[in-house]
>>> print(open('my_file34.pdb').read())   # PDB, C-alpha atoms, pLDDT in the B column
ATOM      1  CA  MET Y1248    -152.876  29.384  42.442  1.00 83.00           C
ATOM      2  CA  LYS Y1249    -153.478  33.054  41.748  1.00 93.00           C
ATOM      3  CA  ILE Y1250    -151.868  34.398  38.588  1.00 95.00           C
ATOM      4  CA  ALA Y1251    -151.444  38.112  37.929  1.00 97.00           C
ATOM      5  CA  VAL Y1252    -150.520  39.399  34.472  1.00 98.00           C
ATOM      6  CA  ARG Y1253    -149.113  42.912  34.094  1.00 98.00           C
ATOM      7  CA  ARG Y1254    -146.768  45.014  31.970  1.00 97.00           C
ATOM      8  CA  LEU Y1255    -143.025  44.357  32.077  1.00 97.00           C
ATOM      9  CA  ARG Y1256    -141.086  46.480  34.594  1.00 97.00           C
ATOM     10  CA  GLU Y1257    -137.408  47.062  35.249  1.00 97.00           C
ATOM     11  CA  GLU Y1258    -137.371  44.804  38.306  1.00 97.00           C
ATOM     12  CA  ASP Y1259    -138.528  41.883  36.132  1.00 97.00           C
ATOM     13  CA  VAL Y1260    -135.405  41.878  33.974  1.00 96.00           C
ATOM     14  CA  GLU Y1261    -133.176  39.691  36.177  1.00 96.00           C
ATOM     15  CA  PRO Y1262    -135.791  37.067  37.099  1.00 97.00           C
ATOM     16  CA  LEU Y1263    -136.785  36.752  33.436  1.00 97.00           C
ATOM     17  CA  SER Y1264    -133.191  36.266  32.337  1.00 96.00           C
ATOM     18  CA  VAL Y1265    -132.916  33.371  34.822  1.00 96.00           C
ATOM     19  CA  ILE Y1266    -136.114  31.776  33.458  1.00 97.00           C
ATOM     20  CA  GLU Y1267    -134.823  32.243  29.892  1.00 94.00           C
ATOM     21  CA  SER Y1268    -131.452  30.669  30.719  1.00 93.00           C
ATOM     22  CA  SER Y1269    -133.091  27.555  32.103  1.00 93.00           C
ATOM     23  CA  SER Y1270    -135.606  27.334  29.234  1.00 93.00           C
ATOM     24  CA  PHE Y1271    -133.735  27.994  25.995  1.00 90.00           C
ATOM     25  CA  SER Y1272    -130.428  27.029  24.412  1.00 87.00           C
ATOM     26  CA  MET Y1273    -130.017  30.577  23.083  1.00 88.00           C
ATOM     27  CA  PRO Y1274    -131.656  32.671  25.821  1.00 91.00           C
ATOM     28  CA  TRP Y1275    -132.270  36.378  25.879  1.00 92.00           C
ATOM     29  CA  SER Y1276    -130.034  38.241  28.311  1.00 94.00           C
ATOM     30  CA  ALA Y1277    -131.066  40.626  31.053  1.00 95.00           C
ATOM     31  CA  ARG Y1278    -129.922  43.428  28.715  1.00 95.00           C
ATOM     32  CA  ASP Y1279    -132.275  42.136  25.994  1.00 95.00           C
ATOM     33  CA  PHE Y1280    -135.220  42.392  28.379  1.00 95.00           C
ATOM     34  CA  ALA Y1281    -134.111  45.790  29.667  1.00 96.00           C
ATOM     35  CA  ASP Y1282    -133.918  47.118  26.104  1.00 96.00           C
ATOM     36  CA  LEU Y1283    -137.593  46.286  25.601  1.00 95.00           C
ATOM     37  CA  LEU Y1284    -138.543  48.875  28.201  1.00 96.00           C
ATOM     38  CA  GLU Y1285    -137.122  51.634  26.008  1.00 96.00           C
ATOM     39  CA  LYS Y1286    -138.810  50.602  22.759  1.00 96.00           C
ATOM     40  CA  PRO Y1287    -142.296  52.092  22.338  1.00 95.00           C
ATOM     41  CA  TYR Y1288    -143.131  49.538  19.635  1.00 96.00           C
ATOM     42  CA  CYS Y1289    -142.515  46.564  21.968  1.00 97.00           C
ATOM     43  CA  PHE Y1290    -145.246  45.374  24.322  1.00 97.00           C
ATOM     44  CA  TYR Y1291    -144.366  42.811  26.985  1.00 97.00           C
ATOM     45  CA  LEU Y1292    -146.328  41.228  29.801  1.00 98.00           C
ATOM     46  CA  VAL Y1293    -145.168  39.168  32.770  1.00 98.00           C
ATOM     47  CA  ALA Y1294    -147.006  36.615  34.854  1.00 98.00           C
ATOM     48  CA  GLU Y1295    -146.632  36.473  38.617  1.00 97.00           C
ATOM     49  CA  ALA Y1296    -147.549  33.535  40.835  1.00 95.00           C
ATOM     50  CA  ASP Y1297    -146.534  32.741  44.395  1.00 93.00           C
ATOM     51  CA  ASP Y1298    -145.169  36.298  44.736  1.00 92.00           C
ATOM     52  CA  ARG Y1299    -142.628  35.912  41.941  1.00 96.00           C
ATOM     53  CA  VAL Y1300    -142.244  36.371  38.195  1.00 97.00           C
ATOM     54  CA  VAL Y1301    -142.910  33.048  36.470  1.00 98.00           C
ATOM     55  CA  GLY Y1302    -143.107  33.994  32.795  1.00 97.00           C
ATOM     56  CA  CYS Y1303    -143.429  36.585  30.088  1.00 97.00           C
ATOM     57  CA  CYS Y1304    -144.567  37.093  26.534  1.00 98.00           C
ATOM     58  CA  GLY Y1305    -144.537  40.002  24.170  1.00 97.00           C
ATOM     59  CA  PHE Y1306    -144.761  41.335  20.676  1.00 98.00           C
ATOM     60  CA  THR Y1307    -143.135  43.924  18.476  1.00 97.00           C
ATOM     61  CA  ASP Y1308    -145.378  46.139  16.359  1.00 97.00           C
ATOM     62  CA  LEU Y1309    -143.976  45.729  12.860  1.00 96.00           C
ATOM     63  CA  CYS Y1310    -145.871  48.168  10.664  1.00 93.00           C
ATOM     64  CA  GLY Y1311    -149.232  47.209  12.163  1.00 92.00           C
ATOM     65  CA  GLU Y1312    -148.587  43.482  12.534  1.00 96.00           C
ATOM     66  CA  GLY Y1313    -147.703  41.913  15.876  1.00 97.00           C
ATOM     67  CA  SER Y1314    -144.631  39.728  15.837  1.00 98.00           C
ATOM     68  CA  ILE Y1315    -144.712  37.641  18.998  1.00 98.00           C
ATOM     69  CA  ASP Y1316    -141.047  37.480  19.869  1.00 95.00           C
ATOM     70  CA  ASN Y1317    -140.952  35.538  23.093  1.00 95.00           C
ATOM     71  CA  VAL Y1318    -143.130  33.319  25.249  1.00 97.00           C
ATOM     72  CA  VAL Y1319    -141.564  31.673  28.278  1.00 96.00           C
ATOM     73  CA  VAL Y1320    -142.832  30.140  31.519  1.00 97.00           C
ATOM     74  CA  ALA Y1321    -140.643  28.801  34.314  1.00 97.00           C
ATOM     75  CA  GLU Y1322    -140.455  25.027  34.057  1.00 95.00           C
ATOM     76  CA  GLU Y1323    -142.122  24.339  37.415  1.00 96.00           C
ATOM     77  CA  TYR Y1324    -145.139  26.445  36.362  1.00 96.00           C
ATOM     78  CA  ARG Y1325    -145.716  24.970  32.906  1.00 95.00           C
ATOM     79  CA  GLY Y1326    -148.927  23.135  32.142  1.00 93.00           C
ATOM     80  CA  ARG Y1327    -151.022  25.426  34.337  1.00 95.00           C
ATOM     81  CA  GLY Y1328    -152.425  27.716  31.639  1.00 95.00           C
ATOM     82  CA  ILE Y1329    -150.044  30.595  32.351  1.00 97.00           C
ATOM     83  CA  ALA Y1330    -148.771  30.966  28.781  1.00 97.00           C
ATOM     84  CA  GLN Y1331    -152.323  30.906  27.448  1.00 96.00           C
ATOM     85  CA  ARG Y1332    -153.452  33.505  29.983  1.00 97.00           C
ATOM     86  CA  MET Y1333    -150.536  35.828  29.151  1.00 98.00           C
ATOM     87  CA  LEU Y1334    -151.087  35.415  25.417  1.00 98.00           C
ATOM     88  CA  ARG Y1335    -154.811  36.138  25.673  1.00 97.00           C
ATOM     89  CA  GLU Y1336    -154.065  39.391  27.476  1.00 97.00           C
ATOM     90  CA  LEU Y1337    -151.277  40.195  25.016  1.00 97.00           C
ATOM     91  CA  LEU Y1338    -153.624  39.757  22.052  1.00 97.00           C
ATOM     92  CA  VAL Y1339    -156.180  42.063  23.656  1.00 96.00           C
ATOM     93  CA  LEU Y1340    -153.437  44.633  24.292  1.00 96.00           C
ATOM     94  CA  GLY Y1341    -152.335  44.385  20.671  1.00 96.00           C
ATOM     95  CA  GLU Y1342    -155.858  44.769  19.366  1.00 94.00           C
ATOM     96  CA  LYS Y1343    -156.229  47.926  21.483  1.00 94.00           C
ATOM     97  CA  GLN Y1344    -153.094  49.190  19.706  1.00 92.00           C
ATOM     98  CA  GLY Y1345    -154.826  48.561  16.354  1.00 93.00           C
ATOM     99  CA  ILE Y1346    -153.075  45.308  15.506  1.00 95.00           C
ATOM    100  CA  CYS Y1347    -155.288  42.723  13.817  1.00 90.00           C
ATOM    101  CA  ASP Y1348    -152.759  40.112  12.692  1.00 96.00           C
ATOM    102  CA  PHE Y1349    -150.158  38.360  14.856  1.00 98.00           C
ATOM    103  CA  THR Y1350    -147.382  35.999  13.847  1.00 98.00           C
ATOM    104  CA  LEU Y1351    -144.808  33.848  15.599  1.00 98.00           C
ATOM    105  CA  GLU Y1352    -142.305  31.069  15.012  1.00 97.00           C
ATOM    106  CA  VAL Y1353    -142.191  27.902  17.079  1.00 97.00           C
ATOM    107  CA  ARG Y1354    -140.005  24.811  16.912  1.00 96.00           C
ATOM    108  CA  VAL Y1355    -141.776  22.155  14.848  1.00 97.00           C
ATOM    109  CA  SER Y1356    -141.197  19.695  17.714  1.00 96.00           C
ATOM    110  CA  ASN Y1357    -142.796  21.915  20.385  1.00 95.00           C
ATOM    111  CA  SER Y1358    -146.233  20.299  20.274  1.00 95.00           C
ATOM    112  CA  ALA Y1359    -147.317  21.752  23.643  1.00 93.00           C
ATOM    113  CA  ALA Y1360    -146.725  25.328  22.474  1.00 95.00           C
ATOM    114  CA  ILE Y1361    -148.290  24.657  19.073  1.00 97.00           C
ATOM    115  CA  HIS Y1362    -151.400  23.344  20.833  1.00 96.00           C
ATOM    116  CA  VAL Y1363    -151.665  26.530  22.937  1.00 96.00           C
ATOM    117  CA  TYR Y1364    -151.243  28.738  19.869  1.00 97.00           C
ATOM    118  CA  GLU Y1365    -153.887  26.793  17.946  1.00 97.00           C
ATOM    119  CA  LYS Y1366    -156.346  27.183  20.851  1.00 96.00           C
ATOM    120  CA  LEU Y1367    -155.808  30.943  20.542  1.00 96.00           C
ATOM    121  CA  GLY Y1368    -156.624  30.964  16.835  1.00 96.00           C
ATOM    122  CA  PHE Y1369    -153.159  30.661  15.298  1.00 97.00           C
ATOM    123  CA  ALA Y1370    -152.731  28.477  12.227  1.00 97.00           C
ATOM    124  CA  SER Y1371    -149.641  27.188  10.466  1.00 97.00           C
ATOM    125  CA  GLU Y1372    -148.839  29.019   7.242  1.00 97.00           C
ATOM    126  CA  GLY Y1373    -145.375  27.714   6.473  1.00 96.00           C
ATOM    127  CA  VAL Y1374    -142.001  26.534   7.681  1.00 97.00           C
ATOM    128  CA  ARG Y1375    -138.678  28.342   8.077  1.00 96.00           C
ATOM    129  CA  PRO Y1376    -136.057  25.652   7.387  1.00 96.00           C
ATOM    130  CA  GLY Y1377    -133.133  25.644   9.814  1.00 94.00           C
ATOM    131  CA  TYR Y1378    -134.462  28.661  11.740  1.00 93.00           C
ATOM    132  CA  TYR Y1379    -133.316  27.420  15.139  1.00 92.00           C
ATOM    133  CA  GLU Y1380    -129.802  26.579  16.260  1.00 91.00           C
ATOM    134  CA  ARG Y1381    -128.690  24.467  19.227  1.00 88.00           C
ATOM    135  CA  PRO Y1382    -130.273  22.157  18.270  1.00 92.00           C
ATOM    136  CA  ALA Y1383    -130.846  22.868  14.607  1.00 94.00           C
ATOM    137  CA  GLU Y1384    -134.526  22.669  13.786  1.00 95.00           C
ATOM    138  CA  ASP Y1385    -137.142  24.121  11.491  1.00 96.00           C
ATOM    139  CA  ALA Y1386    -139.654  26.683  12.698  1.00 96.00           C
ATOM    140  CA  LEU Y1387    -143.360  26.530  12.093  1.00 97.00           C
ATOM    141  CA  ILE Y1388    -144.668  29.950  11.007  1.00 98.00           C
ATOM    142  CA  MET Y1389    -148.049  30.603  12.607  1.00 98.00           C
ATOM    143  CA  TRP Y1390    -150.476  33.469  12.071  1.00 98.00           C
ATOM    144  CA  ARG Y1391    -153.597  34.667  13.813  1.00 97.00           C
ATOM    145  CA  ARG Y1392    -155.473  36.789  11.306  1.00 94.00           C
ATOM    146  CA  ARG Y1393    -158.493  38.730  12.504  1.00 84.00           C
ATOM    147  CA  GLN Y1394    -159.591  40.226   9.220  1.00 65.00           C
ATOM    148  CA  LYS Y1395    -159.406  39.086   5.659  1.00 55.00           C
ATOM    149  CA  LYS Y1396    -157.585  41.283   3.164  1.00 52.00           C
ATOM    150  CA  PRO Y1397    -159.583  42.317   0.063  1.00 55.00           C
ATOM    151  CA  TRP Y1398    -157.441  40.095  -2.158  1.00 50.00           C
ATOM    152  CA  GLN Y1399    -158.056  36.936  -0.109  1.00 47.00           C
TER     153      GLN Y1399
END
>>> encode(input="my_file34.pdb", output="structure tokens")
Amino acid sequence: MKIAVRRLREEDVEPLSVIESSSFSMPWSARDFADLLEKPYCFYLVAEADDRVVGCCGFTDLCGEGSIDNVVVAEEYRGRGIAQRMLRELLVLGEKQGICDFTLEVRVSNSAAIHVYEKLGFASEGVRPGYYERPAEDALIMWRRRQKKPWQ
């Protein structure tokens, strides 16, 4: 299967909202994805396979740190390395923007996602109690730090 990863475009908004709706209990809307296109501090990539959009991931530049806001892959394409491929390219994109440190939250029960993040150099640095709703669950706070601060 050939996978292409590229920047988010307007025509991706509807297919991504469908993937979101089938993947999450509190999905982003088409409008949420469309809004990303107008924010110069948001960087989003999509994955295409079999001539269709099958996933996306992205980050927001928060004062020089990358907050990975969303990672989603269509259910029938999971387990094929698509999330990892998108995230690798996203991290490179962020580093080109001058971002050294990236953070994200993930459900504590999502062992598959945690495994992918760990393979990419993320490590757990805490828990946000009750972060998720529907169902209620804690979030693991993960960071990928590329450089040590002088005080560390």
>>> residues_around(input="my_file34.pdb", residues="Gly1345 of chain Y", least_positions_apart="2", cutoff="10 Å", atoms="all atoms listed in the file", output="number ranges by chain")
Y: 1308, 1311-1313, 1339-1343, 1347-1348
>>> write_last_selection(input="my_file34.pdb", atoms="C-alpha atoms", output="PDB file, keeping the file's coordinate frame")
ATOM      1  CA  ASP Y1308    -145.378  46.139  16.359  1.00 97.00           C
ATOM      2  CA  GLY Y1311    -149.232  47.209  12.163  1.00 92.00           C
ATOM      3  CA  GLU Y1312    -148.587  43.482  12.534  1.00 96.00           C
ATOM      4  CA  GLY Y1313    -147.703  41.913  15.876  1.00 97.00           C
ATOM      5  CA  VAL Y1339    -156.180  42.063  23.656  1.00 96.00           C
ATOM      6  CA  LEU Y1340    -153.437  44.633  24.292  1.00 96.00           C
ATOM      7  CA  GLY Y1341    -152.335  44.385  20.671  1.00 96.00           C
ATOM      8  CA  GLU Y1342    -155.858  44.769  19.366  1.00 94.00           C
ATOM      9  CA  LYS Y1343    -156.229  47.926  21.483  1.00 94.00           C
ATOM     10  CA  CYS Y1347    -155.288  42.723  13.817  1.00 90.00           C
ATOM     11  CA  ASP Y1348    -152.759  40.112  12.692  1.00 96.00           C
TER      12      ASP Y1348
END
>>> residues_around(input="my_file34.pdb", residues="Tyr1364 of chain Y", least_positions_apart="3", cutoff="10 Å", atoms="only C-alpha atoms", output="list in words")
Ala1330, Gln1331, Leu1334, Leu1351, Val1353, Ser1358, Ala1359, Ala1360, Ile1361, Leu1367, Gly1368, Phe1369, Ala1370, Ser1371, Met1389, Trp1390 and Arg1391 of chain Y
>>> closest_residue(input="my_file34.pdb", among="Y:Arg1254, Y:Lys1286, Y:Arg1354, Y:Arg1325", to="Ala1383 of chain Y", atoms="only C-alpha atoms")
Y:Arg1354
>>> axis_aligned_box(input="my_file34.pdb", around="segment 1322-1330 of chain Y", padding_each_side="8 Å", output="lines of an AutoDock Vina configuration file")
center_x = -146.4
center_y = 27.1
center_z = 33.1
size_x = 28.0
size_y = 23.8
size_z = 24.6
>>> resolve_selection(input="my_file34.pdb", expression="the PyMOL selection byres ((chain Y and resi 1296) around 9)", output="PyMOL selection string")
chain Y and resi 1248-1251+1294-1295+1297-1301+1324
>>> write_last_selection(input="my_file34.pdb", atoms="C-alpha atoms", output="PDB file, in the frame of the given file")
ATOM      1  CA  MET Y1248    -152.876  29.384  42.442  1.00 83.00           C
ATOM      2  CA  LYS Y1249    -153.478  33.054  41.748  1.00 93.00           C
ATOM      3  CA  ILE Y1250    -151.868  34.398  38.588  1.00 95.00           C
ATOM      4  CA  ALA Y1251    -151.444  38.112  37.929  1.00 97.00           C
ATOM      5  CA  ALA Y1294    -147.006  36.615  34.854  1.00 98.00           C
ATOM      6  CA  GLU Y1295    -146.632  36.473  38.617  1.00 97.00           C
ATOM      7  CA  ASP Y1297    -146.534  32.741  44.395  1.00 93.00           C
ATOM      8  CA  ASP Y1298    -145.169  36.298  44.736  1.00 92.00           C
ATOM      9  CA  ARG Y1299    -142.628  35.912  41.941  1.00 96.00           C
ATOM     10  CA  VAL Y1300    -142.244  36.371  38.195  1.00 97.00           C
ATOM     11  CA  VAL Y1301    -142.910  33.048  36.470  1.00 98.00           C
ATOM     12  CA  TYR Y1324    -145.139  26.445  36.362  1.00 96.00           C
TER      13      TYR Y1324
END
>>> resolve_selection(input="my_file34.pdb", expression="the PyMOL selection byres ((chain Y and resi 1306) around 7)", output="count of residues only")
10
>>> closest_residue(input="my_file34.pdb", among="Y:Val1265, Y:Ile1346, Y:Val1374, Y:Leu1337", to="Ile1388 of chain Y", atoms="only C-alpha atoms")
Y:Val1374
>>> resolve_selection(input="my_file34.pdb", expression="the PyMOL selection byres ((chain Y and resi 1355) around 7)", output="PyMOL selection string")
chain Y and resi 1353-1354+1356-1357+1385-1387
>>> atom_distance(input="my_file34.pdb", atom1="atom CA of Arg1332 of chain Y", atom2="atom CA of Ser1269 of chain Y")
21.3 Å
>>> closest_residue(input="my_file34.pdb", among="Y:Gly1377, Y:Pro1287, Y:Gly1326, Y:Pro1382", to="Leu1309 of chain Y", atoms="all atoms listed in the file")
Y:Pro1287
>>> closest_residue(input="my_file34.pdb", among="Y:Val1319, Y:Cys1310, Y:Leu1284, Y:Met1333", to="Glu1257 of chain Y", atoms="all atoms listed in the file")
Y:Leu1284
>>> residues_near_point(input="my_file34.pdb", point="(-130.9, 42.3, 34.9)", cutoff="10 Å", atoms="all atoms listed in the file", output="VMD selection string")
chain Y and resid 1257 to 1265 1276 to 1281
>>> atom_distance(input="my_file34.pdb", atom1="atom CA of Cys1304 of chain Y", atom2="atom CA of Glu1380 of chain Y")
20.8 Å
>>> atom_distance(input="my_file34.pdb", atom1="atom CA of Pro1376 of chain Y", atom2="atom CA of Trp1275 of chain Y")
21.7 Å
>>> closest_residue(input="my_file34.pdb", among="Y:Val1363, Y:Ile1329, Y:Met1273, Y:Leu1255", to="Leu1292 of chain Y", atoms="only C-alpha atoms")
Y:Leu1255
>>> decode(input="my_file34.pdb", residues="segment 1342-1381 of chain Y", atoms="C-alpha atoms", output="tab-separated table (two decimals), in the first residue's frame")
chain	number	residue	atom	x	y	z
Y	1342	GLU	CA	11.73	21.24	13.76
Y	1343	LYS	CA	12.04	23.21	10.51
Y	1344	GLN	CA	9.77	25.81	12.15
Y	1345	GLY	CA	12.22	25.98	15.09
Y	1346	ILE	CA	10.24	23.83	17.50
Y	1347	CYS	CA	12.36	21.54	19.66
Y	1348	ASP	CA	9.83	20.26	22.20
Y	1349	PHE	CA	6.48	18.61	21.47
Y	1350	THR	CA	3.72	17.58	23.85
Y	1351	LEU	CA	0.44	15.71	23.64
Y	1352	GLU	CA	-2.24	14.09	25.76
Y	1353	VAL	CA	-3.45	10.54	25.23
Y	1354	ARG	CA	-6.00	8.40	27.05
Y	1355	VAL	CA	-4.21	6.29	29.66
Y	1356	SER	CA	-5.96	3.22	28.21
Y	1357	ASN	CA	-4.79	3.83	24.62
Y	1358	SER	CA	-1.78	1.52	24.75
Y	1359	ALA	CA	-1.43	1.33	20.95
Y	1360	ALA	CA	-1.06	5.11	20.63
Y	1361	ILE	CA	1.23	5.31	23.66
Y	1362	HIS	CA	3.47	2.69	22.05
Y	1363	VAL	CA	3.69	4.72	18.82
Y	1364	TYR	CA	4.50	7.91	20.73
Y	1365	GLU	CA	7.20	6.15	22.76
Y	1366	LYS	CA	8.80	4.82	19.55
Y	1367	LEU	CA	9.02	8.44	18.39
Y	1368	GLY	CA	10.81	9.57	21.54
Y	1369	PHE	CA	7.89	10.76	23.68
Y	1370	ALA	CA	7.95	10.01	27.39
Y	1371	SER	CA	5.29	10.30	30.06
Y	1372	GLU	CA	5.72	13.30	32.34
Y	1373	GLY	CA	2.43	13.32	34.20
Y	1374	VAL	CA	-1.30	12.72	34.23
Y	1375	ARG	CA	-4.24	15.07	33.74
Y	1376	PRO	CA	-6.99	13.60	35.94
Y	1377	GLY	CA	-10.43	13.49	34.32
Y	1378	TYR	CA	-9.18	15.16	31.11
Y	1379	TYR	CA	-11.40	13.14	28.80
Y	1380	GLU	CA	-15.18	12.91	28.79
Y	1381	ARG	CA	-17.40	10.25	27.21
